[in-house]
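Shown next: entry_34.pdb, containing PDB, C-alpha atoms and all ligand atoms.
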ATOM      1  CA  MET A   1      14.362  31.105   3.337
ATOM      2  CA  LYS A   2      12.999  32.938   6.384
ATOM      3  CA  SER A   3       9.245  32.703   6.976
ATOM      4  CA  HIS A   4       6.995  35.726   7.493
ATOM      5  CA  PRO A   5       5.360  35.664  10.992
ATOM      6  CA  ALA A   6       1.918  35.656   9.311
ATOM      7  CA  ASN A   7       2.757  32.190   7.996
ATOM      8  CA  LEU A   8       3.392  30.776  11.464
ATOM      9  CA  ARG A   9       0.725  28.387  12.691
ATOM     10  CA  LYS A  10      -0.873  28.707  16.115
ATOM     11  CA  LYS A  11      -0.655  25.976  18.746
ATOM     12  CA  ASP A  12      -3.715  23.757  19.160
ATOM     13  CA  SER A  13      -3.848  22.112  22.588
ATOM     14  CA  SER A  14      -6.823  19.758  21.984
ATOM     15  CA  PRO A  15      -6.116  16.026  21.601
ATOM     16  CA  SER A  16      -5.387  15.160  17.995
ATOM     17  CA  VAL A  17      -7.573  12.893  15.874
ATOM     18  CA  ARG A  18      -4.629  10.487  15.822
ATOM     19  CA  THR A  19      -4.506  10.294  19.619
ATOM     20  CA  ILE A  20      -8.234   9.564  19.782
ATOM     21  CA  ILE A  21      -7.980   6.821  17.150
ATOM     22  CA  GLN A  22      -4.955   5.316  18.883
ATOM     23  CA  ILE A  23      -6.781   5.209  22.218
ATOM     24  CA  LEU A  24      -9.853   3.603  20.604
ATOM     25  CA  PHE A  25      -7.737   0.820  19.062
ATOM     26  CA  LEU A  26      -5.907   0.395  22.353
ATOM     27  CA  LEU A  27      -9.188  -0.006  24.254
ATOM     28  CA  ALA A  28     -10.480  -2.457  21.641
ATOM     29  CA  THR A  29      -7.320  -4.545  22.041
ATOM     30  CA  PHE A  30      -7.695  -4.551  25.829
ATOM     31  CA  LEU A  31     -11.253  -5.786  25.395
ATOM     32  CA  ILE A  32     -10.081  -8.556  23.061
ATOM     33  CA  GLY A  33      -7.544  -9.588  25.699
ATOM     34  CA  LEU A  34     -10.059  -9.369  28.533
ATOM     35  CA  ARG A  35     -12.498 -11.726  26.837
ATOM     36  CA  HIS A  36     -10.066 -14.563  27.607
ATOM     37  CA  LEU A  37     -10.858 -14.085  31.264
ATOM     38  CA  MET A  38     -14.504 -14.800  30.520
ATOM     39  CA  PRO A  39     -16.097 -18.239  30.108
ATOM     40  CA  GLY A  40     -16.600 -19.696  26.619
ATOM     41  CA  GLU A  41     -13.687 -17.928  24.927
ATOM     42  CA  SER A  42     -13.380 -20.563  22.191
ATOM     43  CA  SER A  43     -16.784 -19.583  20.832
ATOM     44  CA  LYS A  44     -15.755 -15.925  20.472
ATOM     45  CA  GLY A  45     -13.223 -15.967  17.682
ATOM     46  CA  GLY A  46     -10.475 -18.173  19.134
ATOM     47  CA  ALA A  47      -7.232 -17.379  20.939
ATOM     48  CA  PHE A  48      -5.766 -13.872  21.329
ATOM     49  CA  ASP A  49      -3.373 -14.588  18.440
ATOM     50  CA  ALA A  50      -6.331 -14.935  16.039
ATOM     51  CA  PHE A  51      -6.852 -11.152  16.083
ATOM     52  CA  CYS A  52      -3.254 -10.365  15.112
ATOM     53  CA  PRO A  53      -2.597  -9.268  11.487
ATOM     54  CA  PHE A  54       0.943 -10.628  11.647
ATOM     55  CA  GLY A  55      -0.524 -14.008  12.583
ATOM     56  CA  GLY A  56      -1.949 -14.078   9.041
ATOM     57  CA  ILE A  57       1.600 -13.862   7.676
ATOM     58  CA  GLU A  58       2.935 -16.440  10.116
ATOM     59  CA  THR A  59       0.296 -18.987   9.217
ATOM     60  CA  LEU A  60       0.095 -18.244   5.460
ATOM     61  CA  TRP A  61       2.556 -20.910   4.290
ATOM     62  CA  LEU A  62       0.909 -23.683   6.291
ATOM     63  CA  TYR A  63      -2.508 -22.640   5.033
ATOM     64  CA  LEU A  64      -1.407 -22.531   1.389
ATOM     65  CA  THR A  65       0.313 -25.917   1.568
ATOM     66  CA  THR A  66      -2.073 -27.883   3.810
ATOM     67  CA  GLY A  67      -5.304 -25.890   4.113
ATOM     68  CA  GLN A  68      -4.731 -25.787   7.913
ATOM     69  CA  THR A  69      -3.783 -22.818  10.076
ATOM     70  CA  MET A  70      -1.211 -22.887  12.881
ATOM     71  CA  ALA A  71      -2.316 -23.580  16.429
ATOM     72  CA  THR A  72      -3.804 -20.423  18.075
ATOM     73  CA  THR A  73      -4.508 -18.827  14.665
ATOM     74  CA  ASN A  74      -7.486 -19.142  12.341
ATOM     75  CA  LEU A  75      -9.053 -17.533   9.272
ATOM     76  CA  LEU A  76      -9.762 -14.364  11.270
ATOM     77  CA  ASN A  77      -6.035 -13.564  11.009
ATOM     78  CA  PHE A  78      -6.368 -13.275   7.238
ATOM     79  CA  SER A  79      -9.343 -10.898   7.527
ATOM     80  CA  VAL A  80      -7.459  -8.624   9.919
ATOM     81  CA  LEU A  81      -4.350  -8.814   7.746
ATOM     82  CA  LEU A  82      -6.324  -7.890   4.620
ATOM     83  CA  GLY A  83      -7.799  -4.885   6.443
ATOM     84  CA  VAL A  84      -4.321  -3.666   7.412
ATOM     85  CA  LEU A  85      -2.962  -4.261   3.911
ATOM     86  CA  GLY A  86      -5.858  -2.191   2.524
ATOM     87  CA  VAL A  87      -4.926   0.727   4.794
ATOM     88  CA  SER A  88      -1.271   0.311   3.822
ATOM     89  CA  LEU A  89      -1.994   0.292   0.097
ATOM     90  CA  LEU A  90      -3.671   3.665   0.527
ATOM     91  CA  ALA A  91      -1.537   5.339   3.181
ATOM     92  CA  GLY A  92       1.701   3.403   3.750
ATOM     93  CA  ARG A  93       2.475   2.507   7.374
ATOM     94  CA  ALA A  94      -0.518   4.442   8.728
ATOM     95  CA  PHE A  95      -1.494   1.296  10.655
ATOM     96  CA  CYS A  96       1.713   1.747  12.666
ATOM     97  CA  GLY A  97       1.199   5.419  13.380
ATOM     98  CA  TRP A  98      -2.535   5.379  13.986
ATOM     99  CA  MET A  99      -3.841   1.951  14.957
ATOM    100  CA  CYS A 100      -1.264  -0.483  16.299
ATOM    101  CA  PRO A 101      -1.765  -0.805  20.065
ATOM    102  CA  VAL A 102       1.852  -1.861  20.565
ATOM    103  CA  GLY A 103       2.943   1.442  19.018
ATOM    104  CA  THR A 104       0.462   3.330  21.203
ATOM    105  CA  VAL A 105       1.760   1.736  24.403
ATOM    106  CA  GLN A 106       5.279   2.737  23.370
ATOM    107  CA  ASP A 107       4.041   6.314  22.834
ATOM    108  CA  LEU A 108       2.486   6.320  26.310
ATOM    109  CA  LEU A 109       5.689   4.980  27.856
ATOM    110  CA  ALA A 110       7.687   7.654  26.008
ATOM    111  CA  GLY A 111       5.282  10.249  27.448
ATOM    112  CA  LEU A 112       5.968   8.844  30.910
ATOM    113  CA  THR A 113       9.691   9.276  30.315
ATOM    114  CA  ARG A 114       9.106  12.886  29.284
ATOM    115  CA  ARG A 115       7.293  13.553  32.534
ATOM    116  CA  LEU A 116       9.828  11.717  34.689
ATOM    117  CA  THR A 117      12.711  13.604  33.103
ATOM    118  CA  GLY A 118      10.914  16.950  33.238
ATOM    119  CA  GLU A 119      10.983  17.506  29.490
ATOM    120  CA  LYS A 120       8.109  19.249  27.747
ATOM    121  CA  LYS A 121       6.589  18.496  24.377
ATOM    122  CA  HIS A 122       7.249  21.071  21.723
ATOM    123  CA  ILE A 123       5.442  24.389  21.498
ATOM    124  CA  ARG A 124       4.893  25.533  17.942
ATOM    125  CA  GLY A 125       7.249  28.256  16.868
ATOM    126  CA  LYS A 126       9.711  27.481  19.694
ATOM    127  CA  LYS A 127      12.675  25.171  19.625
ATOM    128  CA  SER A 128      11.736  21.663  20.639
ATOM    129  CA  LYS A 129      13.190  20.097  23.769
ATOM    130  CA  SER A 130      12.190  16.502  23.128
ATOM    131  CA  ARG A 131      15.229  14.362  23.930
ATOM    132  CA  TYR A 132      15.428  10.982  25.566
ATOM    133  CA  PRO A 133      17.883   9.492  28.042
ATOM    134  CA  VAL A 134      19.356   6.996  25.584
ATOM    135  CA  GLN A 135      20.280   7.812  22.000
ATOM    136  CA  LEU A 136      21.948   5.022  20.092
ATOM    137  CA  PRO A 137      25.176   5.985  18.300
ATOM    138  CA  PRO A 138      24.361   7.235  14.752
ATOM    139  CA  LYS A 139      26.741   4.665  13.248
ATOM    140  CA  LEU A 140      25.027   1.773  15.024
ATOM    141  CA  ASP A 141      21.449   2.921  14.426
ATOM    142  CA  PRO A 142      21.060   1.968  10.716
ATOM    143  CA  TRP A 143      22.491  -1.492  11.362
ATOM    144  CA  LEU A 144      20.121  -2.105  14.221
ATOM    145  CA  ARG A 145      17.181  -0.950  12.069
ATOM    146  CA  SER A 146      18.018  -3.777   9.661
ATOM    147  CA  LEU A 147      17.397  -6.271  12.466
ATOM    148  CA  LYS A 148      13.632  -6.174  11.922
ATOM    149  CA  TYR A 149      14.068  -7.342   8.319
ATOM    150  CA  LEU A 150      16.288 -10.179   9.532
ATOM    151  CA  ILE A 151      13.661 -11.138  12.122
ATOM    152  CA  LEU A 152      10.988 -11.092   9.395
ATOM    153  CA  ALA A 153      13.109 -13.416   7.245
ATOM    154  CA  VAL A 154      13.673 -15.804  10.169
ATOM    155  CA  VAL A 155       9.946 -15.819  11.002
ATOM    156  CA  LEU A 156       9.007 -16.554   7.382
ATOM    157  CA  LEU A 157      11.536 -19.383   7.264
ATOM    158  CA  ALA A 158      10.396 -20.812  10.592
ATOM    159  CA  SER A 159       6.779 -20.623   9.475
ATOM    160  CA  THR A 160       7.482 -23.319   6.873
ATOM    161  CA  TRP A 161       7.870 -25.973   9.578
ATOM    162  CA  SER A 162       6.465 -24.549  12.812
ATOM    163  CA  LEU A 163       3.038 -25.587  14.094
ATOM    164  CA  TYR A 164       2.776 -22.483  16.314
ATOM    165  CA  PRO A 165       3.271 -18.864  15.196
ATOM    166  CA  PRO A 166       7.080 -18.458  15.499
ATOM    167  CA  LEU A 167       6.730 -15.304  17.616
ATOM    168  CA  HIS A 168       4.135 -16.863  19.906
ATOM    169  CA  GLU A 169       6.368 -17.047  23.009
ATOM    170  CA  ILE A 170       8.166 -13.728  22.531
ATOM    171  CA  CYS A 171       5.457 -11.435  21.192
ATOM    172  CA  PRO A 172       5.115  -8.139  23.121
ATOM    173  CA  ALA A 173       1.479  -7.810  21.972
ATOM    174  CA  ARG A 174       0.651 -11.066  23.757
ATOM    175  CA  ALA A 175       2.703  -9.996  26.764
ATOM    176  CA  LEU A 176       0.832  -6.678  26.947
ATOM    177  CA  PHE A 177      -2.730  -7.591  26.093
ATOM    178  CA  SER A 178      -3.479 -11.310  26.395
ATOM    179  CA  PHE A 179      -3.521 -11.311  30.226
ATOM    180  CA  GLN A 180      -1.828 -14.701  29.982
ATOM    181  CA  LEU A 181       1.694 -14.159  31.269
ATOM    182  CA  THR A 182       2.165 -17.878  31.615
ATOM    183  CA  THR A 183       5.912 -18.267  31.058
ATOM    184  CA  PRO A 184       9.042 -16.588  32.468
ATOM    185  CA  LEU A 185      10.044 -15.827  28.875
ATOM    186  CA  LEU A 186       6.883 -13.821  28.226
ATOM    187  CA  ILE A 187       7.303 -11.945  31.528
ATOM    188  CA  SER A 188      10.892 -11.124  30.506
ATOM    189  CA  VAL A 189       9.660  -9.872  27.139
ATOM    190  CA  LEU A 190       7.211  -7.561  28.901
ATOM    191  CA  ILE A 191       9.888  -6.139  31.201
ATOM    192  CA  VAL A 192      12.389  -5.610  28.369
ATOM    193  CA  PHE A 193       9.672  -4.024  26.210
ATOM    194  CA  ILE A 194       8.709  -1.527  28.920
ATOM    195  CA  VAL A 195      12.283  -0.588  29.810
ATOM    196  CA  THR A 196      13.471  -0.175  26.200
ATOM    197  CA  SER A 197      10.340   1.809  25.239
ATOM    198  CA  MET A 198      10.960   4.224  28.094
ATOM    199  CA  LEU A 199      14.623   4.674  27.277
ATOM    200  CA  ASN A 200      14.359   4.945  23.502
ATOM    201  CA  ARG A 201      11.140   6.029  21.787
ATOM    202  CA  LEU A 202       9.534   3.319  19.615
ATOM    203  CA  PHE A 203      12.460   0.964  20.205
ATOM    204  CA  TRP A 204      10.463  -2.120  19.176
ATOM    205  CA  CYS A 205       9.125  -0.399  16.029
ATOM    206  CA  LYS A 206      12.489   0.951  14.922
ATOM    207  CA  TYR A 207      14.633  -2.101  15.487
ATOM    208  CA  LEU A 208      12.687  -5.303  16.000
ATOM    209  CA  CYS A 209       9.123  -5.444  14.687
ATOM    210  CA  PRO A 210       8.769  -7.797  11.703
ATOM    211  CA  PHE A 211       5.281  -6.511  10.913
ATOM    212  CA  GLY A 212       6.603  -2.966  10.581
ATOM    213  CA  ALA A 213       9.242  -4.422   8.243
ATOM    214  CA  THR A 214       6.463  -6.060   6.215
ATOM    215  CA  LEU A 215       4.544  -2.816   5.836
ATOM    216  CA  ALA A 216       7.618  -0.689   5.026
ATOM    217  CA  ILE A 217       7.365  -1.306   1.270
ATOM    218  CA  PHE A 218       3.959   0.369   1.148
ATOM    219  CA  ASN A 219       5.532   3.728   2.024
ATOM    220  CA  LYS A 220       7.136   3.681  -1.428
ATOM    221  CA  ILE A 221       3.901   3.171  -3.357
ATOM    222  CA  ALA A 222       1.002   4.546  -1.299
ATOM    223  CA  PRO A 223      -0.838   7.399  -3.063
ATOM    224  CA  LEU A 224      -1.848   9.198   0.160
ATOM    225  CA  ARG A 225       1.380  10.768   1.366
ATOM    226  CA  LEU A 226       3.175  13.689   2.947
ATOM    227  CA  VAL A 227       4.842  16.212   0.640
ATOM    228  CA  VAL A 228       6.949  19.278   1.356
ATOM    229  CA  ASN A 229       6.827  22.719  -0.175
ATOM    230  CA  GLN A 230      10.574  23.300  -0.513
ATOM    231  CA  SER A 231      10.143  27.028  -1.219
ATOM    232  CA  SER A 232       8.667  27.722   2.230
ATOM    233  CA  CYS A 233      10.746  25.195   4.220
ATOM    234  CA  THR A 234      13.175  27.092   6.440
ATOM    235  CA  ALA A 235      15.305  23.980   7.127
ATOM    236  CA  CYS A 236      14.772  24.650  10.819
ATOM    237  CA  GLY A 237      15.112  20.948  11.705
ATOM    238  CA  ARG A 238      12.106  20.855  14.036
ATOM    239  CA  CYS A 239      10.559  17.970  12.101
ATOM    240  CA  ASP A 240      13.751  15.926  12.520
ATOM    241  CA  THR A 241      13.736  16.595  16.246
ATOM    242  CA  GLU A 242      10.115  15.565  16.701
ATOM    243  CA  CYS A 243      10.042  12.544  14.387
ATOM    244  CA  PRO A 244       9.382   9.591  16.718
ATOM    245  CA  MET A 245      11.118   7.211  14.313
ATOM    246  CA  GLY A 246      14.285   9.296  14.356
ATOM    247  CA  ILE A 247      14.284   9.933  10.605
ATOM    248  CA  GLN A 248      16.996  12.400   9.631
ATOM    249  CA  ASN A 249      16.366  15.240   7.178
ATOM    250  CA  VAL A 250      12.610  14.603   7.142
ATOM    251  CA  PRO A 251      11.693  16.975   4.256
ATOM    252  CA  GLU A 252      13.982  14.950   1.961
ATOM    253  CA  ASN A 253      12.864  11.548   3.279
ATOM    254  CA  LEU A 254       9.086  11.634   3.362
ATOM    255  CA  ARG A 255       8.988   8.270   1.520
ATOM    256  CA  SER A 256      11.312   6.623   4.045
ATOM    257  CA  ALA A 257      10.537   2.989   4.848
ATOM    258  CA  GLU A 258      10.849   4.006   8.497
ATOM    259  CA  CYS A 259       8.024   6.561   8.371
ATOM    260  CA  ILE A 260       4.921   5.491  10.312
ATOM    261  CA  GLN A 261       2.761   8.288   8.855
ATOM    262  CA  CYS A 262       2.150   9.713  12.335
ATOM    263  CA  LEU A 263       2.158  13.317  10.993
ATOM    264  CA  GLU A 264       4.096  14.616  14.008
ATOM    265  CA  CYS A 265       6.391  16.441  11.580
ATOM    266  CA  LEU A 266       3.409  18.194  10.001
ATOM    267  CA  GLU A 267       2.072  18.927  13.465
ATOM    268  CA  THR A 268       5.293  20.487  14.661
ATOM    269  CA  CYS A 269       6.179  22.484  11.523
ATOM    270  CA  ALA A 270       5.590  26.134  12.344
ATOM    271  CA  VAL A 271       5.372  27.326   8.735
ATOM    272  CA  GLN A 272       1.871  27.115   7.307
ATOM    273  CA  ASP A 273       1.345  24.483   4.556
ATOM    274  CA  THR A 274       5.024  23.619   4.233
ATOM    275  CA  LEU A 275       4.270  19.984   4.980
ATOM    276  CA  HIS A 276       0.903  18.777   3.703
ATOM    277  CA  ILE A 277      -0.919  15.626   2.705
ATOM    278  CA  GLN A 278      -1.409  14.825  -0.966
ATOM    279  CA  LEU A 279      -3.318  12.096  -2.813
ATOM    280  CA  GLY A 280      -1.556  10.809  -5.921
TER     281      GLY A 280
HETATM  282  S1  LIG B 301       6.329  -1.279  13.779
HETATM  283 FE1  LIG B 301       5.206  -3.045  14.634
HETATM  284  S2  LIG B 301       4.824  -2.535  16.799
HETATM  285 FE2  LIG B 301       5.400  -0.646  15.747
HETATM  286  S3  LIG B 301       3.481   0.275  15.222
HETATM  287 FE3  LIG B 301       4.146  -0.931  13.407
HETATM  288  S4  LIG B 301       3.210  -2.953  13.651
HETATM  289 FE4  LIG B 301       3.036  -1.895  15.631
HETATM  290  S1  LIG B 302       9.403  21.093   6.995
HETATM  291 FE1  LIG B 302      10.706  20.719   8.778
HETATM  292  S2  LIG B 302      12.606  21.848   8.339
HETATM  293 FE2  LIG B 302      11.019  22.652   6.944
HETATM  294  S3  LIG B 302      10.130  24.403   8.032
HETATM  295 FE3  LIG B 302       8.850  22.637   8.540
HETATM  296  S4  LIG B 302       9.727  21.838  10.478
HETATM  297 FE4  LIG B 302      11.269  23.225   9.559
HETATM  298  S1  LIG B 303       8.593  11.604   8.945
HETATM  299 FE1  LIG B 303       6.812  12.628   9.875
HETATM  300  S2  LIG B 303       5.085  11.224   9.532
HETATM  301 FE2  LIG B 303       6.975  10.041   9.204
HETATM  302  S3  LIG B 303       7.435   9.100  11.187
HETATM  303 FE3  LIG B 303       8.566  11.030  11.106
HETATM  304  S4  LIG B 303       7.213  12.524  12.069
HETATM  305 FE4  LIG B 303       5.945  10.724  11.562
END
Any chance you could put this one into structure tokens?
Ligand code: SF4
Ligand code: SF4
Ligand code: SF4
Amino acid sequence: MKSHPANLRKKDSSPSVRTIIQILFLLATFLIGLRHLMPGESSKGGAFDAFCPFGGIETLWLYLTTGQTMATTNLLNFSVLLGVLGVSLLAGRAFCGWMCPVGTVQDLLAGLTRRLTGEKKHIRGKKSKSRYPVQLPPKLDPWLRSLKYLILAVVLLASTWSLYPPLHEICPARALFSFQLTTPLLISVLIVFIVTSMLNRLFWCKYLCPFGATLAIFNKIAPLRLVVNQSSCTACGRCDTECPMGIQNVPENLRSAECIQCLECLETCAVQDTLHIQLG
């Protein structure tokens, strides 16, 4: 169905609430990392890993079976994890789209790619031009997306015998924010993370992140969600083009496990109220 021009939304150039929240969480994470450069770090909550929600999952088995937590984690991990699970119960993977600093850094690196390649972000009502240098073949993409579930399974298995968080030496969050690039492996992780994020938007989120895999189930049950008004949708495909997670046929897949609740589809849709947020 073709939309009447009166239904077209106007472009808003001010930074979105999401961008502001992302930057605030990013700054907070930098501060958490920076405190390790200051004296007396052990009295301020423990190692960098202690602030990671996924650390709560990594150390859960050991805690349940022995009452101890893994080295570099502590009870703070469970508090952070519970906070994230609370957000997820309400709004699916909103933690990914709004709070996770690793996701935000990937967004910033994708923005850098846009500038380097001369591409512009969409303008409402006009065809989007957001494309990236590397697109994985459509046949390979779904298989690679399964990798993060495999990694989650391996981490859970390893957590039954490991004394350190299994991802400790290969975690991009540590590589980015802990200011402790102490091993060649961690430096390699940082380089690979930066390069892949620039070449393929949200590469780590789409294919590798076991915490994203953990939160995926909440997209199926969360009451706060995106819905589409099929009668006003023009099937223009703009939302597919702009979706940072590369979800195909967005209006039909608003409950996708891949959705990070970023609302970029809602933002880009030119037809008033076609995509909207609903509770229940
Ligand atoms: S998928 Fe992982 S890295 Fe990406 S935003 Fe979610 S938790 Fe962060
Ligand atoms: S929901 Fe997507 S396909 Fe439908 S009008 Fe909006 S941008 Fe176009
Ligand atoms: S479907 Fe919409 S909210 Fe979900 S990841 Fe894609 S653009 Fe973001």
Mind running stretch 209-251 of chain A against stretch 265-274 of chain A at 12 Å and telling me each contacting residue's nearest atom pair with the distance in Å (one decimal), counting all atoms listed in the file, chain and number ascending, as JSON lines?
{"residue": "A:Arg225", "atom": "CA", "partner": "A:Leu266", "partner_atom": "CA", "distance": 11.6}
{"residue": "A:Leu226", "atom": "CA", "partner": "A:Leu266", "partner_atom": "CA", "distance": 8.4}
{"residue": "A:Val227", "atom": "CA", "partner": "A:Thr274", "partner_atom": "CA", "distance": 8.2}
{"residue": "A:Val228", "atom": "CA", "partner": "A:Thr274", "partner_atom": "CA", "distance": 5.6}
{"residue": "A:Asn229", "atom": "CA", "partner": "A:Thr274", "partner_atom": "CA", "distance": 4.8}
{"residue": "A:Gln230", "atom": "CA", "partner": "A:Thr274", "partner_atom": "CA", "distance": 7.3}
{"residue": "A:Ser231", "atom": "CA", "partner": "A:Thr274", "partner_atom": "CA", "distance": 8.2}
{"residue": "A:Ser232", "atom": "CA", "partner": "A:Thr274", "partner_atom": "CA", "distance": 5.8}
{"residue": "A:Cys233", "atom": "CA", "partner": "A:Thr274", "partner_atom": "CA", "distance": 5.9}
{"residue": "A:Thr234", "atom": "CA", "partner": "A:Val271", "partner_atom": "CA", "distance": 8.1}
{"residue": "A:Ala235", "atom": "CA", "partner": "A:Cys269", "partner_atom": "CA", "distance": 10.2}
{"residue": "A:Cys236", "atom": "CA", "partner": "A:Cys269", "partner_atom": "CA", "distance": 8.9}
{"residue": "A:Gly237", "atom": "CA", "partner": "A:Cys269", "partner_atom": "CA", "distance": 9.1}
{"residue": "A:Arg238", "atom": "CA", "partner": "A:Cys269", "partner_atom": "CA", "distance": 6.6}
{"residue": "A:Cys239", "atom": "CA", "partner": "A:Cys265", "partner_atom": "CA", "distance": 4.5}
{"residue": "A:Asp240", "atom": "CA", "partner": "A:Cys265", "partner_atom": "CA", "distance": 7.4}
{"residue": "A:Thr241", "atom": "CA", "partner": "A:Cys265", "partner_atom": "CA", "distance": 8.7}
{"residue": "A:Glu242", "atom": "CA", "partner": "A:Cys265", "partner_atom": "CA", "distance": 6.4}
{"residue": "A:Cys243", "atom": "CA", "partner": "A:Cys265", "partner_atom": "CA", "distance": 6.0}
{"residue": "A:Pro244", "atom": "CA", "partner": "A:Cys265", "partner_atom": "CA", "distance": 9.1}
{"residue": "A:Met245", "atom": "CA", "partner": "A:Cys265", "partner_atom": "CA", "distance": 10.7}
{"residue": "A:Gly246", "atom": "CA", "partner": "A:Cys265", "partner_atom": "CA", "distance": 11.0}
{"residue": "A:Ile247", "atom": "CA", "partner": "A:Cys265", "partner_atom": "CA", "distance": 10.3}
{"residue": "A:Gln248", "atom": "CA", "partner": "A:Cys265", "partner_atom": "CA", "distance": 11.5}
{"residue": "A:Asn249", "atom": "CA", "partner": "A:Cys265", "partner_atom": "CA", "distance": 11.0}
{"residue": "A:Val250", "atom": "CA", "partner": "A:Cys265", "partner_atom": "CA", "distance": 7.9}
{"residue": "A:Pro251", "atom": "CA", "partner": "A:Cys265", "partner_atom": "CA", "distance": 9.1}
Go through chain A and flag each residue having an atom no more than 10 Å from ligand LIG 301 (chain B); for those, report the closest pair of atoms plus their distance in Å to one decimal, using only C-alpha atoms and all ligand atoms, ordered by chain and rising number, as a tab-separated table.
residue	atom	partner	partner_atom	distance
A:Cys52	CA	B:LIG301	S4	9.9
A:Pro53	CA	B:LIG301	S4	8.8
A:Phe54	CA	B:LIG301	S4	8.2
A:Val84	CA	B:LIG301	S4	9.8
A:Arg93	CA	B:LIG301	FE3	7.1
A:Ala94	CA	B:LIG301	FE3	8.5
A:Phe95	CA	B:LIG301	FE3	6.7
A:Cys96	CA	B:LIG301	S3	3.4
A:Gly97	CA	B:LIG301	S3	5.9
A:Trp98	CA	B:LIG301	S3	8.0
A:Met99	CA	B:LIG301	S3	7.5
A:Cys100	CA	B:LIG301	FE4	4.6
A:Pro101	CA	B:LIG301	FE4	6.6
A:Val102	CA	B:LIG301	S2	4.8
A:Gly103	CA	B:LIG301	S3	4.0
A:Thr104	CA	B:LIG301	S3	7.4
A:Val105	CA	B:LIG301	S2	9.2
A:Gln106	CA	B:LIG301	FE2	8.3
A:Asp107	CA	B:LIG301	S3	9.7
A:Lys148	CA	B:LIG301	S1	9.0
A:Cys171	CA	B:LIG301	S2	9.9
A:Pro172	CA	B:LIG301	S2	8.5
A:Ala173	CA	B:LIG301	S2	8.1
A:Leu202	CA	B:LIG301	FE2	6.9
A:Phe203	CA	B:LIG301	FE2	8.5
A:Trp204	CA	B:LIG301	S2	6.1
A:Cys205	CA	B:LIG301	S1	3.7
A:Lys206	CA	B:LIG301	S1	6.7
A:Tyr207	CA	B:LIG301	S1	8.5
A:Leu208	CA	B:LIG301	S1	7.8
A:Cys209	CA	B:LIG301	FE1	4.6
A:Pro210	CA	B:LIG301	FE1	6.6
A:Phe211	CA	B:LIG301	S4	4.9
A:Gly212	CA	B:LIG301	S1	3.6
A:Ala213	CA	B:LIG301	S1	7.0
A:Thr214	CA	B:LIG301	S4	8.7
A:Leu215	CA	B:LIG301	FE3	7.8
A:Ala216	CA	B:LIG301	S1	8.9
A:Met245	CA	B:LIG301	S1	9.8
A:Glu258	CA	B:LIG301	S1	8.7
A:Cys259	CA	B:LIG301	S1	9.7
A:Ile260	CA	B:LIG301	FE3	7.2
A:Cys262	CA	B:LIG301	S3	10.0
Interatomic distance, atom CA of A:Leu60 to atom CA of A:Arg174 (Å, one decimal):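 Interatomic distance here is 19.7 Å.
Nearest residue to ligand LIG 303 (chain B), choosing from A:Glu264, A:Leu199, A:Leu163, A:His276 and counting all atoms listed in the file: A:Glu264.
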Counting all atoms listed in the file, the residue of A:Gly118, A:Ile217, A:Tyr164, A:Ile20 that sits nearest A:Thr69: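 Of all the options, A:Tyr164 lies closest to A:Thr69.
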Atom CA of A:Ile221 to atom CA of A:Ala91, straight-line distance in Å: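 Spanning atom CA of A:Ala91 to atom CA of A:Ile221 is a straight-line distance of 8.8 Å.
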Who sits within 9 Å of A:Lys220, only C-alpha atoms, same chain under 3 positions skipped, as number ranges by chain: A: 92, 216-217, 223, 255-257
Next, the residues of the selection above should be written as an mmCIF file, keeping the file's coordinate frame with C-alpha atoms.
data_model
loop_
_atom_site.group_PDB
_atom_site.id
_atom_site.type_symbol
_atom_site.label_atom_id
_atom_site.label_comp_id
_atom_site.auth_asym_id
_atom_site.auth_seq_id
_atom_site.Cartn_x
_atom_site.Cartn_y
_atom_site.Cartn_z
ATOM 1 C CA GLY A 92 1.701 3.403 3.750
ATOM 2 C CA ALA A 216 7.618 -0.689 5.026
ATOM 3 C CA ILE A 217 7.365 -1.306 1.270
ATOM 4 C CA PRO A 223 -0.838 7.399 -3.063
ATOM 5 C CA ARG A 255 8.988 8.270 1.520
ATOM 6 C CA SER A 256 11.312 6.623 4.045
ATOM 7 C CA ALA A 257 10.537 2.989 4.848
#
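With all atoms listed in the file as the atoms that count, the minimum distance from A:Trp61 to the choices A:Phe78, A:Phe30, A:Trp161, A:Tyr149 is reached by A:Trp161.
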Place a sphere of radius 12 Å on (-3.3, -23.2, 11.6) in the file coordinates and name every protein, DNA or RNA residue with an atom inside or on its surface, counting all atoms listed in the file; give the answer as a short mmCIF file (atom, residue, chain, number, x, y, z; two decimals) with C-alpha atoms, keeping the file's coordinate frame.
data_model
loop_
_atom_site.label_atom_id
_atom_site.label_comp_id
_atom_site.auth_asym_id
_atom_site.auth_seq_id
_atom_site.Cartn_x
_atom_site.Cartn_y
_atom_site.Cartn_z
CA GLY A 46 -10.48 -18.17 19.13
CA ALA A 47 -7.23 -17.38 20.94
CA ASP A 49 -3.37 -14.59 18.44
CA ALA A 50 -6.33 -14.94 16.04
CA GLY A 55 -0.52 -14.01 12.58
CA GLY A 56 -1.95 -14.08 9.04
CA ILE A 57 1.60 -13.86 7.68
CA GLU A 58 2.94 -16.44 10.12
CA THR A 59 0.30 -18.99 9.22
CA LEU A 60 0.10 -18.24 5.46
CA TRP A 61 2.56 -20.91 4.29
CA LEU A 62 0.91 -23.68 6.29
CA TYR A 63 -2.51 -22.64 5.03
CA LEU A 64 -1.41 -22.53 1.39
CA THR A 65 0.31 -25.92 1.57
CA THR A 66 -2.07 -27.88 3.81
CA GLY A 67 -5.30 -25.89 4.11
CA GLN A 68 -4.73 -25.79 7.91
CA THR A 69 -3.78 -22.82 10.08
CA MET A 70 -1.21 -22.89 12.88
CA ALA A 71 -2.32 -23.58 16.43
CA THR A 72 -3.80 -20.42 18.08
CA THR A 73 -4.51 -18.83 14.66
CA ASN A 74 -7.49 -19.14 12.34
CA LEU A 75 -9.05 -17.53 9.27
CA LEU A 76 -9.76 -14.36 11.27
CA ASN A 77 -6.04 -13.56 11.01
CA PHE A 78 -6.37 -13.28 7.24
CA SER A 159 6.78 -20.62 9.48
CA THR A 160 7.48 -23.32 6.87
CA TRP A 161 7.87 -25.97 9.58
CA SER A 162 6.46 -24.55 12.81
CA LEU A 163 3.04 -25.59 14.09
CA TYR A 164 2.78 -22.48 16.31
CA PRO A 165 3.27 -18.86 15.20
#
